[in-house]
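Dumped model19.cif below, it's mmCIF, C-alpha atoms:
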data_query
#
loop_
_atom_site.label_atom_id
_atom_site.label_comp_id
_atom_site.auth_asym_id
_atom_site.auth_seq_id
_atom_site.Cartn_x
_atom_site.Cartn_y
_atom_site.Cartn_z
CA MET B 5 -32.09 95.61 -15.88
CA ASN B 6 -33.49 92.20 -14.95
CA THR B 7 -36.77 91.95 -16.88
CA HIS B 8 -37.30 88.36 -15.67
CA LEU B 9 -37.42 89.43 -12.02
CA ARG B 10 -40.30 87.90 -10.08
CA ILE B 11 -41.28 87.75 -6.39
CA SER B 12 -43.43 84.81 -5.31
CA ALA B 13 -44.83 84.32 -1.81
CA THR B 14 -46.45 81.07 -0.77
CA ASN B 15 -48.69 80.55 2.28
CA LEU B 16 -47.08 83.19 4.45
CA LYS B 17 -48.05 83.19 8.10
CA LYS B 18 -46.81 85.41 10.91
CA VAL B 19 -47.38 84.81 14.60
CA PHE B 20 -46.31 87.23 17.36
CA ASN B 21 -46.60 86.00 20.94
CA ARG B 22 -49.14 83.33 19.97
CA ARG B 23 -51.26 85.92 18.12
CA THR B 24 -51.65 85.18 14.44
CA ILE B 25 -51.23 88.40 12.46
CA PHE B 26 -52.04 86.83 9.08
CA ARG B 27 -52.05 83.43 7.44
CA ASN B 28 -52.18 81.87 3.94
CA ILE B 29 -50.84 84.93 2.15
CA SER B 30 -49.71 84.11 -1.37
CA PHE B 31 -48.90 86.41 -4.27
CA SER B 32 -46.75 86.70 -7.32
CA VAL B 33 -45.51 89.91 -8.89
CA ARG B 34 -43.31 90.34 -11.97
CA PHE B 35 -41.08 93.00 -13.51
CA GLY B 36 -43.06 96.12 -14.43
CA GLU B 37 -45.97 95.25 -12.12
CA VAL B 38 -47.42 96.89 -9.03
CA LEU B 39 -48.53 94.89 -5.97
CA LEU B 40 -50.97 96.65 -3.65
CA VAL B 41 -51.19 95.58 0.00
CA THR B 42 -54.29 96.83 1.80
CA GLY B 43 -55.83 96.23 5.19
CA LYS B 44 -57.10 97.90 8.33
CA ASN B 45 -54.80 99.27 11.03
CA GLY B 46 -53.17 96.30 12.77
CA SER B 47 -53.97 93.87 9.97
CA GLY B 48 -50.26 93.27 9.32
CA LYS B 49 -49.43 95.45 6.28
CA SER B 50 -46.16 96.65 7.80
CA THR B 51 -45.35 93.15 9.05
CA LEU B 52 -45.78 91.79 5.52
CA VAL B 53 -43.56 94.58 4.15
CA LYS B 54 -40.89 93.72 6.74
CA ILE B 55 -41.08 90.04 5.76
CA ILE B 56 -40.65 90.89 2.07
CA SER B 57 -37.69 93.11 3.05
CA ASP B 58 -36.14 90.22 5.04
CA VAL B 59 -36.20 92.28 8.23
CA LEU B 60 -38.58 89.70 9.76
CA SER B 61 -38.85 86.00 9.05
CA PRO B 62 -42.24 84.44 8.33
CA SER B 63 -43.49 81.91 10.90
CA GLU B 64 -44.55 79.70 7.96
CA GLY B 65 -44.33 79.88 4.18
CA GLU B 66 -41.62 81.36 1.99
CA ILE B 67 -40.76 84.22 -0.32
CA GLU B 68 -38.72 83.61 -3.42
CA PHE B 69 -36.97 86.17 -5.58
CA SER B 70 -36.31 84.72 -9.02
CA GLY B 71 -35.20 85.93 -12.41
CA SER B 72 -31.65 85.83 -13.71
CA ASP B 73 -29.12 83.34 -12.31
CA ASN B 74 -27.59 85.76 -9.86
CA VAL B 75 -30.81 87.00 -8.17
CA LYS B 76 -30.71 84.20 -5.60
CA THR B 77 -27.09 84.88 -4.71
CA ILE B 78 -27.55 88.65 -4.23
CA ALA B 79 -28.41 89.66 -0.66
CA ARG B 80 -32.08 90.72 -0.36
CA ALA B 81 -30.87 94.06 1.03
CA ASN B 82 -29.31 94.91 -2.33
CA LEU B 83 -32.49 94.13 -4.28
CA ILE B 84 -34.83 96.19 -2.13
CA GLY B 85 -35.42 99.85 -1.39
CA LEU B 86 -37.84 100.54 1.48
CA VAL B 87 -39.76 103.63 2.52
CA SER B 88 -41.76 103.22 5.71
CA PRO B 89 -42.85 105.17 8.81
CA TYR B 90 -40.71 103.04 11.15
CA LEU B 91 -37.52 103.50 9.12
CA GLN B 92 -35.31 106.14 10.77
CA MET B 93 -32.30 108.04 9.51
CA TYR B 94 -29.28 108.98 11.65
CA ASP B 95 -30.39 112.33 13.07
CA GLU B 96 -26.90 113.57 13.92
CA PHE B 97 -25.74 113.24 10.30
CA SER B 98 -26.69 115.38 7.32
CA ALA B 99 -28.71 113.99 4.39
CA GLU B 100 -25.49 113.76 2.38
CA GLU B 101 -23.67 111.87 5.15
CA ASN B 102 -26.62 109.52 5.66
CA LEU B 103 -26.57 108.57 1.99
CA GLN B 104 -22.78 108.22 1.92
CA TYR B 105 -22.87 105.85 4.89
CA ALA B 106 -25.87 103.95 3.48
CA LEU B 107 -23.97 103.25 0.25
CA SER B 108 -20.67 102.39 1.89
CA ILE B 109 -22.37 100.08 4.43
CA ARG B 110 -23.94 98.34 1.44
CA GLY B 111 -20.34 97.72 0.34
CA ARG B 112 -20.43 100.27 -2.50
CA THR B 113 -18.30 103.29 -3.26
CA PRO B 114 -20.39 106.43 -2.68
CA ASP B 115 -20.60 108.66 -5.77
CA ILE B 116 -21.17 112.23 -4.58
CA SER B 117 -22.69 113.39 -7.90
CA HIS B 118 -25.24 110.53 -7.70
CA ILE B 119 -26.04 111.54 -4.10
CA HIS B 120 -26.54 115.19 -5.11
CA GLU B 121 -28.77 114.09 -8.00
CA LEU B 122 -30.92 112.04 -5.59
CA LEU B 123 -31.19 114.90 -3.11
CA GLY B 124 -32.24 117.18 -5.95
CA LYS B 125 -34.89 114.67 -6.97
CA VAL B 126 -36.44 114.74 -3.47
CA PHE B 127 -36.06 118.54 -3.14
CA LEU B 128 -33.50 118.38 -0.34
CA PHE B 129 -30.37 119.53 -2.17
CA HIS B 130 -30.49 122.99 -0.54
CA ARG B 131 -30.49 121.33 2.93
CA LYS B 132 -27.96 118.59 2.10
CA SER B 133 -25.46 119.63 4.79
CA ASP B 134 -27.94 120.19 7.63
CA PRO B 135 -28.38 117.48 10.30
CA VAL B 136 -31.50 115.39 9.69
CA ARG B 137 -32.76 116.27 13.21
CA THR B 138 -33.43 119.80 11.91
CA TYR B 139 -35.77 118.51 9.16
CA SER B 140 -39.56 118.61 9.29
CA SER B 141 -41.49 115.31 9.20
CA GLY B 142 -42.23 115.84 5.48
CA MET B 143 -38.55 116.44 4.72
CA LYS B 144 -37.64 113.30 6.65
CA GLN B 145 -40.14 111.35 4.52
CA ARG B 146 -38.49 112.71 1.34
CA MET B 147 -35.11 111.79 2.78
CA LYS B 148 -36.36 108.20 3.09
CA TYR B 149 -37.04 108.17 -0.66
CA ALA B 150 -33.46 109.25 -1.39
CA PHE B 151 -32.26 106.54 1.01
CA ALA B 152 -34.42 103.87 -0.65
CA LEU B 153 -33.35 104.79 -4.19
CA ALA B 154 -29.63 105.32 -3.52
CA HIS B 155 -28.57 101.86 -4.71
CA ASN B 156 -31.00 101.74 -7.69
CA PRO B 157 -33.00 98.79 -6.31
CA PRO B 158 -35.04 96.65 -8.72
CA VAL B 159 -37.73 96.28 -6.02
CA LEU B 160 -39.22 99.33 -4.28
CA LEU B 161 -41.44 98.83 -1.23
CA LEU B 162 -43.50 101.78 -0.07
CA ASP B 163 -45.36 101.56 3.25
CA GLU B 164 -47.77 104.51 3.66
CA PRO B 165 -45.99 106.27 0.77
CA THR B 166 -47.48 109.74 1.07
CA SER B 167 -47.61 110.20 4.86
CA ASN B 168 -46.49 113.69 5.98
CA LEU B 169 -46.02 114.88 2.38
CA ASP B 170 -47.37 118.08 0.83
CA THR B 171 -48.77 118.24 -2.72
CA ASP B 172 -45.29 118.65 -4.25
CA GLY B 173 -44.11 115.66 -2.24
CA ILE B 174 -47.07 113.56 -3.38
CA ALA B 175 -46.33 114.47 -7.01
CA MET B 176 -42.71 113.44 -6.43
CA VAL B 177 -43.90 110.06 -5.07
CA LYS B 178 -46.17 109.50 -8.09
CA GLN B 179 -43.23 110.18 -10.41
CA ILE B 180 -40.96 107.81 -8.48
CA MET B 181 -43.68 105.12 -8.63
CA GLU B 182 -44.05 105.58 -12.36
CA GLU B 183 -40.29 105.36 -12.91
CA GLN B 184 -40.06 102.23 -10.75
CA THR B 185 -42.55 100.34 -12.91
CA GLN B 186 -40.20 100.96 -15.87
CA ILE B 187 -37.16 99.49 -14.10
CA GLY B 188 -38.50 96.85 -11.72
CA ILE B 189 -41.23 95.92 -9.25
CA LEU B 190 -43.26 98.26 -7.04
CA ILE B 191 -45.00 97.12 -3.85
CA VAL B 192 -47.26 99.62 -2.07
CA ALA B 193 -48.87 99.08 1.35
CA THR B 194 -51.54 101.66 2.06
CA ASN B 195 -55.07 102.33 3.24
CA ASP B 196 -55.45 105.24 0.85
CA LEU B 197 -56.22 103.85 -2.62
CA SER B 198 -55.58 107.28 -4.16
CA ASP B 199 -51.86 106.61 -3.46
CA VAL B 200 -51.74 104.27 -6.47
CA ASP B 201 -52.90 104.99 -10.01
CA ARG B 202 -52.90 101.34 -11.03
CA PHE B 203 -52.01 97.94 -9.66
CA ASN B 204 -51.67 94.45 -11.12
CA ALA B 205 -52.15 92.35 -8.01
CA GLN B 206 -53.60 92.95 -4.57
CA VAL B 207 -53.17 91.38 -1.14
CA ASP B 208 -56.16 92.34 1.02
CA LEU B 209 -55.29 91.56 4.63
CA ASN B 210 -58.86 92.38 5.76
CA ALA B 211 -59.93 89.17 4.09
CA GLN B 212 -57.78 87.27 6.64
CA THR B 213 -59.64 88.43 9.74
CA MET F 24 -13.80 98.04 -17.23
CA ARG F 25 -13.53 97.88 -13.43
CA LYS F 26 -13.43 94.34 -12.01
CA PRO F 27 -16.41 93.67 -9.70
CA GLU F 28 -15.51 93.33 -6.03
CA ALA F 29 -15.56 89.91 -4.42
CA ALA F 30 -18.19 89.25 -1.74
CA TRP F 31 -15.59 89.31 1.05
CA GLN F 32 -14.33 92.71 -0.13
CA GLN F 33 -17.87 94.11 0.01
CA TRP F 34 -18.32 92.54 3.46
CA LEU F 35 -15.06 94.12 4.67
CA ARG F 36 -16.00 97.53 3.25
CA SER F 37 -19.39 97.21 4.93
CA SER F 38 -17.89 96.32 8.31
CA ILE F 39 -15.36 99.15 8.15
CA SER F 40 -18.14 101.60 7.16
CA ILE F 41 -20.18 100.60 10.22
CA PHE F 42 -17.13 101.22 12.40
CA ARG F 43 -16.57 104.62 10.73
CA LYS F 44 -20.25 105.54 11.08
CA ASP F 45 -20.26 104.65 14.80
CA TRP F 46 -17.03 106.51 15.41
CA HIS F 47 -18.28 109.60 13.55
CA SER F 48 -21.55 109.42 15.51
CA GLU F 49 -19.66 109.03 18.80
CA LEU F 50 -17.50 112.08 18.06
CA ARG F 51 -20.69 114.10 17.47
CA THR F 52 -22.79 112.81 20.38
CA ARG F 53 -20.09 111.69 22.92
CA TYR F 54 -22.53 109.25 24.56
CA ALA F 55 -20.14 106.39 25.26
CA ILE F 56 -16.87 108.33 25.64
CA SER F 57 -18.37 110.72 28.22
CA ALA F 58 -19.89 107.88 30.24
CA LEU F 59 -16.68 105.84 30.19
CA VAL F 60 -14.29 108.69 31.02
CA MET F 61 -16.51 110.09 33.78
CA PHE F 62 -16.86 106.65 35.34
CA VAL F 63 -13.09 106.05 35.35
CA VAL F 64 -12.26 109.52 36.73
CA THR F 65 -14.94 109.31 39.45
CA THR F 66 -14.03 105.79 40.56
CA ILE F 67 -10.29 106.41 40.73
CA SER F 68 -10.90 109.70 42.60
CA ILE F 69 -13.03 107.87 45.19
CA MET F 70 -10.34 105.19 45.57
CA VAL F 71 -7.65 107.86 46.07
CA PHE F 72 -9.75 109.66 48.72
CA ALA F 73 -10.70 106.39 50.44
CA LEU F 74 -7.10 105.21 50.68
CA GLY F 75 -5.71 108.60 51.71
CA SER F 76 -2.11 108.19 52.76
CA GLU F 77 -2.56 104.42 53.26
CA SER F 78 -1.11 102.05 50.69
CA ALA F 79 -3.20 99.01 49.72
CA PRO F 80 -1.44 95.66 48.99
CA VAL F 81 -0.45 95.38 45.34
CA ASP F 82 -2.61 92.26 44.72
CA VAL F 83 -5.65 94.15 46.01
CA LEU F 84 -4.83 97.02 43.65
CA SER F 85 -4.50 94.54 40.75
CA GLY F 86 -8.01 93.30 41.47
CA MET F 87 -9.38 96.82 41.87
CA LEU F 88 -7.95 97.83 38.47
CA TRP F 89 -10.11 95.19 36.80
CA VAL F 90 -13.13 96.18 38.88
CA VAL F 91 -12.78 99.73 37.47
CA ILE F 92 -12.31 98.38 33.93
CA PHE F 93 -15.32 96.03 34.24
CA PHE F 94 -17.76 98.69 35.44
CA ALA F 95 -16.41 101.26 32.96
CA ALA F 96 -17.13 98.75 30.19
CA MET F 97 -20.62 98.19 31.62
CA SER F 98 -21.34 101.93 31.60
CA GLY F 99 -20.39 102.56 27.99
CA LEU F 100 -20.09 99.53 25.72
CA SER F 101 -23.81 98.79 25.50
CA ARG F 102 -24.40 102.11 23.69
CA THR F 103 -23.37 100.69 20.34
CA PHE F 104 -26.56 98.59 20.06
CA VAL F 105 -28.84 100.35 22.55
CA ALA F 106 -28.50 103.64 20.65
CA GLU F 107 -29.55 101.92 17.39
CA GLU F 108 -32.67 100.48 19.08
CA GLU F 109 -33.58 103.70 20.93
CA ARG F 110 -33.25 105.87 17.82
CA GLY F 111 -35.09 103.33 15.68
CA THR F 112 -32.15 102.91 13.31
CA ALA F 113 -31.67 99.18 14.01
CA MET F 114 -34.00 98.33 11.15
CA THR F 115 -32.24 100.81 8.87
CA LEU F 116 -29.01 98.96 9.54
CA GLN F 117 -30.72 95.61 8.97
CA LEU F 118 -31.76 96.78 5.52
CA LEU F 119 -28.23 97.79 4.58
CA THR F 120 -26.03 94.79 5.19
CA SER F 121 -25.57 91.29 6.59
CA PRO F 122 -25.70 90.58 10.34
CA SER F 123 -22.08 89.41 10.36
CA ALA F 124 -20.84 92.70 8.87
CA ILE F 125 -22.82 94.57 11.54
CA TYR F 126 -21.45 92.38 14.35
CA PHE F 127 -17.81 92.78 13.32
CA GLY F 128 -18.21 96.54 12.68
CA LYS F 129 -19.67 97.00 16.17
CA LEU F 130 -17.08 94.68 17.71
CA PHE F 131 -14.25 96.70 16.15
CA PHE F 132 -15.78 99.95 17.45
CA ASN F 133 -16.11 98.55 21.00
CA LEU F 134 -12.57 97.19 20.80
CA VAL F 135 -11.09 100.58 19.89
CA LEU F 136 -13.18 102.21 22.63
CA MET F 137 -12.08 99.60 25.19
CA ILE F 138 -8.39 99.88 24.32
CA GLY F 139 -8.58 103.70 24.57
CA VAL F 140 -10.42 103.61 27.91
CA ASN F 141 -8.16 100.94 29.37
CA THR F 142 -5.05 102.89 28.40
CA PHE F 143 -6.54 106.00 30.07
CA THR F 144 -7.51 103.97 33.17
CA VAL F 145 -4.05 102.43 33.52
CA LEU F 146 -2.38 105.84 33.16
CA LEU F 147 -4.61 107.39 35.86
CA TYR F 148 -4.17 104.33 38.04
CA ALA F 149 -0.37 104.44 37.78
CA ILE F 150 -0.27 108.19 38.47
CA PHE F 151 -2.64 108.37 41.44
CA LEU F 152 -2.34 104.99 43.20
CA ASN F 153 1.15 104.88 44.64
CA GLY F 154 1.31 101.21 45.58
CA PHE F 155 0.57 99.97 42.06
CA ILE F 156 3.97 99.19 40.51
CA VAL F 157 4.27 96.93 37.45
CA LYS F 158 7.54 94.98 37.50
CA THR F 159 7.05 92.89 34.32
CA SER F 160 5.62 95.32 31.78
CA SER F 161 5.43 92.69 28.97
CA ILE F 162 2.96 90.57 31.00
CA PHE F 163 0.98 93.66 31.91
CA ILE F 164 0.72 95.01 28.34
CA ILE F 165 -0.32 91.61 26.91
CA THR F 166 -2.88 91.19 29.72
CA ILE F 167 -4.41 94.62 29.10
CA ALA F 168 -4.51 93.97 25.33
CA LEU F 169 -6.08 90.50 25.59
CA GLY F 170 -8.39 91.61 28.42
CA SER F 171 -9.62 94.53 26.28
CA ILE F 172 -10.31 92.24 23.31
CA GLY F 173 -12.12 89.72 25.54
CA LEU F 174 -14.20 92.41 27.24
CA ALA F 175 -15.12 94.01 23.90
CA ALA F 176 -16.04 90.62 22.39
CA SER F 177 -18.32 89.61 25.28
CA SER F 178 -19.79 93.07 25.79
CA THR F 179 -20.72 93.42 22.12
CA ILE F 180 -22.87 90.27 21.96
CA ILE F 181 -24.43 90.95 25.39
CA ALA F 182 -25.22 94.52 24.26
CA ALA F 183 -26.99 93.08 21.19
CA ILE F 184 -29.10 90.85 23.48
CA ILE F 185 -30.03 93.52 26.03
CA ALA F 186 -30.79 96.14 23.34
CA LYS F 187 -33.99 94.17 22.63
CA ALA F 188 -35.00 94.11 26.33
CA ASN F 189 -37.02 96.70 28.28
CA THR F 190 -34.73 96.83 31.34
CA LYS F 191 -31.47 97.55 29.55
CA GLY F 192 -29.56 99.36 32.33
CA THR F 193 -29.83 96.69 35.01
CA LEU F 194 -29.74 93.68 32.71
CA TYR F 195 -26.35 94.51 31.16
CA PRO F 196 -24.07 94.01 34.22
CA VAL F 197 -26.24 91.14 35.51
CA LEU F 198 -25.96 89.23 32.23
CA SER F 199 -22.31 90.19 31.71
CA PHE F 200 -21.01 89.14 35.12
CA PRO F 201 -21.16 85.33 34.74
CA ILE F 202 -19.86 85.53 31.18
CA LEU F 203 -17.00 87.87 32.07
CA LEU F 204 -16.07 86.25 35.40
CA PRO F 205 -13.55 83.73 33.95
CA LEU F 206 -11.96 86.50 31.87
CA LEU F 207 -11.72 88.90 34.82
CA LEU F 208 -10.28 86.29 37.21
CA THR F 209 -7.60 85.39 34.67
CA CYS F 210 -6.79 89.05 33.98
CA ILE F 211 -6.54 89.77 37.72
CA ASN F 212 -4.18 86.81 38.14
CA ALA F 213 -2.00 87.86 35.18
CA THR F 214 -1.86 91.46 36.48
CA ARG F 215 -0.80 90.17 39.90
CA LEU F 216 2.02 88.20 38.21
CA ALA F 217 3.10 91.41 36.41
CA THR F 218 3.24 93.32 39.71
CA GLU F 219 5.16 90.50 41.43
CA GLY F 220 7.89 90.56 38.75
CA ALA F 221 7.19 87.08 37.32
CA PHE F 222 8.90 86.00 34.09
CA LEU F 223 6.90 86.17 30.86
CA ASN F 224 6.72 82.38 30.52
CA GLU F 225 5.09 82.09 33.96
CA ALA F 226 1.99 83.82 32.54
CA THR F 227 1.70 81.51 29.49
CA GLY F 228 -1.24 79.61 31.01
CA GLU F 229 -3.16 82.85 31.58
CA PHE F 230 -2.47 84.04 28.01
CA GLN F 231 -3.55 80.70 26.53
CA PHE F 232 -6.80 80.90 28.47
CA LEU F 233 -7.42 84.51 27.37
CA VAL F 234 -6.78 83.69 23.69
CA SER F 235 -9.07 80.62 23.91
CA TYR F 236 -11.78 82.71 25.59
CA ILE F 237 -11.61 85.33 22.81
CA VAL F 238 -11.73 82.71 20.04
CA VAL F 239 -14.72 80.92 21.62
CA VAL F 240 -16.68 84.13 22.33
CA VAL F 241 -16.08 85.67 18.87
CA THR F 242 -16.89 82.39 17.05
CA ALA F 243 -20.06 81.73 19.07
CA SER F 244 -21.15 85.38 18.75
CA SER F 245 -20.70 85.51 14.98
CA VAL F 246 -22.86 82.37 14.66
CA LEU F 247 -25.55 83.46 17.13
CA PHE F 248 -25.72 87.15 16.22
CA GLU F 249 -28.07 86.70 13.24
CA TYR F 250 -30.72 85.08 15.49
CA ILE F 251 -30.41 87.79 18.15
CA TRP F 252 -30.41 90.64 15.62
CA LYS F 253 -33.13 89.62 13.23
CA ASP F 254 -36.39 88.91 15.07
#
The structure given in the file should be rewritten as structure tokens.
Amino acid sequence: MNTHLRISATNLKKVFNRRTIFRNISFSVRFGEVLLVTGKNGSGKSTLVKIISDVLSPSEGEIEFSGSDNVKTIARANLIGLVSPYLQMYDEFSAEENLQYALSIRGRTPDISHIHELLGKVFLFHRKSDPVRTYSSGMKQRMKYAFALAHNPPVLLLDEPTSNLDTDGIAMVKQIMEEQTQIGILIVATNDLSDVDRFNAQVDLNAQT
Amino acid sequence: MRKPEAAWQQWLRSSISIFRKDWHSELRTRYAISALVMFVVTTISIMVFALGSESAPVDVLSGMLWVVIFFAAMSGLSRTFVAEEERGTAMTLQLLTSPSAIYFGKLFFNLVLMIGVNTFTVLLYAIFLNGFIVKTSSIFIITIALGSIGLAASSTIIAAIIAKANTKGTLYPVLSFPILLPLLLTCINATRLATEGAFLNEATGEFQFLVSYIVVVVTASSVLFEYIWKD
């Protein structure tokens, strides 16, 4: 557990087709803290989450992951777990197969007992062998949590964390959030402030427009 | 205590896993295999009916073989990236590993697919087109092998480019043609030498060109892929 882990963003700006999505975004979040990202639809919450995840590059500014010596040498993909509406699983594979491939593509050896434990945690163990295309939207959302947590990431990014979930699912998300603050950093992008019980820092993208 | 894996070992495991995932997915969905096999069967059937009892000159048949291989590749090899974009799993893959591991995993998948389809095409071609007789099999086998690698290498990077575009279907052959033209012309020439009974050393120039083409395309692709893939 890297208790010195810190994410610092300085003057982030993103431009798509000459349209500025946001500018001058800076924040710093440390181990055990929660960063809340808020903003109207189209304000760039998901874009900011993608930039933190290294899926997109910022047009200006930089994000730095710091902490122990090896944090900078570890690929960002191995530090981050992401749950978001635009993240899709492989529909033709079962939940178990999706997680096995996710771990092996990360260069790790899949541990089937760990995968079963994760599927139990998101209430999908009884459907572990069914193709993901047969799942409801809520089950697919739970599957994304198993996918995000499979490699025990120190940073968990949740974009619209409770979308499509029932009350049991929302309780599951709250528990996962609570556990994440014990082992790393939690970043939540949402319009619904009831999604988070507490936060230590906030990026309000409405303030940019 | 287990020794931690080196970065290159993780990279290799990652690349192989992408190949295995694509192969497993292909066996379940049959998108690319069906398109490739149907194209080859249909095209060779039309050629057989068009020729009837006539026998085309062997150098024309050598050229036609590569026309079939080129369009078969165009009908199936783009699936590897287009399917990821269409299903929305491209970002999932981006989150899992480095662009280079993705590129080489996809390249290896396309290579296996291309070798399988080319072997099938050559078998059908030899069975149904009477005038096509290979006299120097060593030249022919090396040409098919190097041609398959070259086609897979070019098609993989072009597929990554067109997967981001709106007009995927038409853009793929249009973009591929100028890039693949030198490869196809050399393969046609080497195949003609094989059918004329040339000695192996007479095709050295063609083989050197094919190997150089593969090295240049794979090197340039592995450097450029990150920029194509990421934004």
Report as a Markdown table the residues of chain F within 6 Å of chain B, each with its shortest atom pair and distance in Å (one decimal), using only C-alpha atoms, ordered by chain and increasing residue number.
| residue | atom | partner | partner_atom | distance |
| --- | --- | --- | --- | --- |
| F:Gln33 | CA | B:Gly111 | CA | 4.4 |
| F:Arg36 | CA | B:Gly111 | CA | 5.2 |
| F:Ser37 | CA | B:Ile109 | CA | 4.2 |
| F:Ser40 | CA | B:Ile109 | CA | 5.3 |
| F:Gly111 | CA | B:Gln92 | CA | 5.7 |
| F:Thr112 | CA | B:Gln92 | CA | 5.2 |
| F:Thr115 | CA | B:Leu91 | CA | 5.9 |
| F:Leu118 | CA | B:Ala81 | CA | 5.3 |
| F:Leu119 | CA | B:Arg110 | CA | 5.3 |
| F:Thr120 | CA | B:Arg110 | CA | 5.6 |
| F:Asp254 | CA | B:Leu60 | CA | 5.8 |
Contacts of segment 131-136 of chain F within 8 Å, all atoms listed in the file, excl. fewer than 3 positions in-chain, as a PyMOL selection string: chain F and resi 42+45-46+56+100+103+127-128+139-140+171-172+175-176+179
Run the PyMOL selection byres ((chain F and resi 221) around 12) against the file shown and list the residues it catches, as a PDB file with C-alpha atoms, in the coordinates of the input.
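Saved the output as part_17.pdb:
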ATOM      1  CA  VAL F 157       4.270  96.930  37.450  1.00  0.00           C
ATOM      2  CA  LYS F 158       7.540  94.980  37.500  1.00  0.00           C
ATOM      3  CA  THR F 159       7.050  92.890  34.320  1.00  0.00           C
ATOM      4  CA  SER F 160       5.620  95.320  31.780  1.00  0.00           C
ATOM      5  CA  SER F 161       5.430  92.690  28.970  1.00  0.00           C
ATOM      6  CA  ILE F 162       2.960  90.570  31.000  1.00  0.00           C
ATOM      7  CA  PHE F 163       0.980  93.660  31.910  1.00  0.00           C
ATOM      8  CA  ASN F 212      -4.180  86.810  38.140  1.00  0.00           C
ATOM      9  CA  ALA F 213      -2.000  87.860  35.180  1.00  0.00           C
ATOM     10  CA  THR F 214      -1.860  91.460  36.480  1.00  0.00           C
ATOM     11  CA  ARG F 215      -0.800  90.170  39.900  1.00  0.00           C
ATOM     12  CA  LEU F 216       2.020  88.200  38.210  1.00  0.00           C
ATOM     13  CA  ALA F 217       3.100  91.410  36.410  1.00  0.00           C
ATOM     14  CA  THR F 218       3.240  93.320  39.710  1.00  0.00           C
ATOM     15  CA  GLU F 219       5.160  90.500  41.430  1.00  0.00           C
ATOM     16  CA  GLY F 220       7.890  90.560  38.750  1.00  0.00           C
ATOM     17  CA  PHE F 222       8.900  86.000  34.090  1.00  0.00           C
ATOM     18  CA  LEU F 223       6.900  86.170  30.860  1.00  0.00           C
ATOM     19  CA  ASN F 224       6.720  82.380  30.520  1.00  0.00           C
ATOM     20  CA  GLU F 225       5.090  82.090  33.960  1.00  0.00           C
ATOM     21  CA  ALA F 226       1.990  83.820  32.540  1.00  0.00           C
ATOM     22  CA  THR F 227       1.700  81.510  29.490  1.00  0.00           C
TER      23      THR F 227
END
Could you spell out the hits of the PyMOL selection byres ((chain F and resi 70-78) around 12) on the shown file, as a VMD selection string? chain F and resid 63 to 69 79 to 84 87 to 88 90 to 91 147 to 156
Evaluated on this file, the PyMOL selection byres ((chain F and resi 185) around 12) picks out some residues - which ones are they, written as a PyMOL selection string? chain F and resi 97+100-106+108-109+178-184+186-199+251-252
Do you have the atom CA of Thr194 of chain B-atom CA of Ser98 of chain B distance handy?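 Result for atom CA of Thr194 of chain B versus atom CA of Ser98 of chain B: 28.9 Å, one decimal.
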Might you pull out every residue within 12 Å of Glu183 of chain B, with all atoms listed in the file counted and same-chain residues fewer than 4 positions away left off, and present them as a list in words?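 Contacts, with the query itself left out: Gly36, Glu37, Val38, Leu153, Asn156, Pro157, Pro158, Val159, Leu160, Met176, Val177, Lys178, Gln179, Ile187, Gly188, Ile189 and Leu190 of chain B.
Straight-line separation from atom CA of Ser121 of chain F to atom CA of Lys44 of chain F: 15.9 Å.
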List as a PyMOL selection string the residues having at least one atom at most 9 Å from position (-56.6, 93.8, 1.3) as given in the file, counting all atoms listed in the file. chain B and resi 40-44+49+195+206-212
If we count all atoms listed in the file, what is near Phe69 of chain B at a cut-off of 9 Å, once residues fewer than 2 positions away on the same chain are taken out, given as JSON, numbers by chain? {"B": [9, 10, 11, 12, 13, 67, 71, 75, 76, 80]}
Would you compute the distance between atom CA of Ala193 of chain B and atom CA of Asp163 of chain B? Give it in Å to one decimal. 4.7 Å
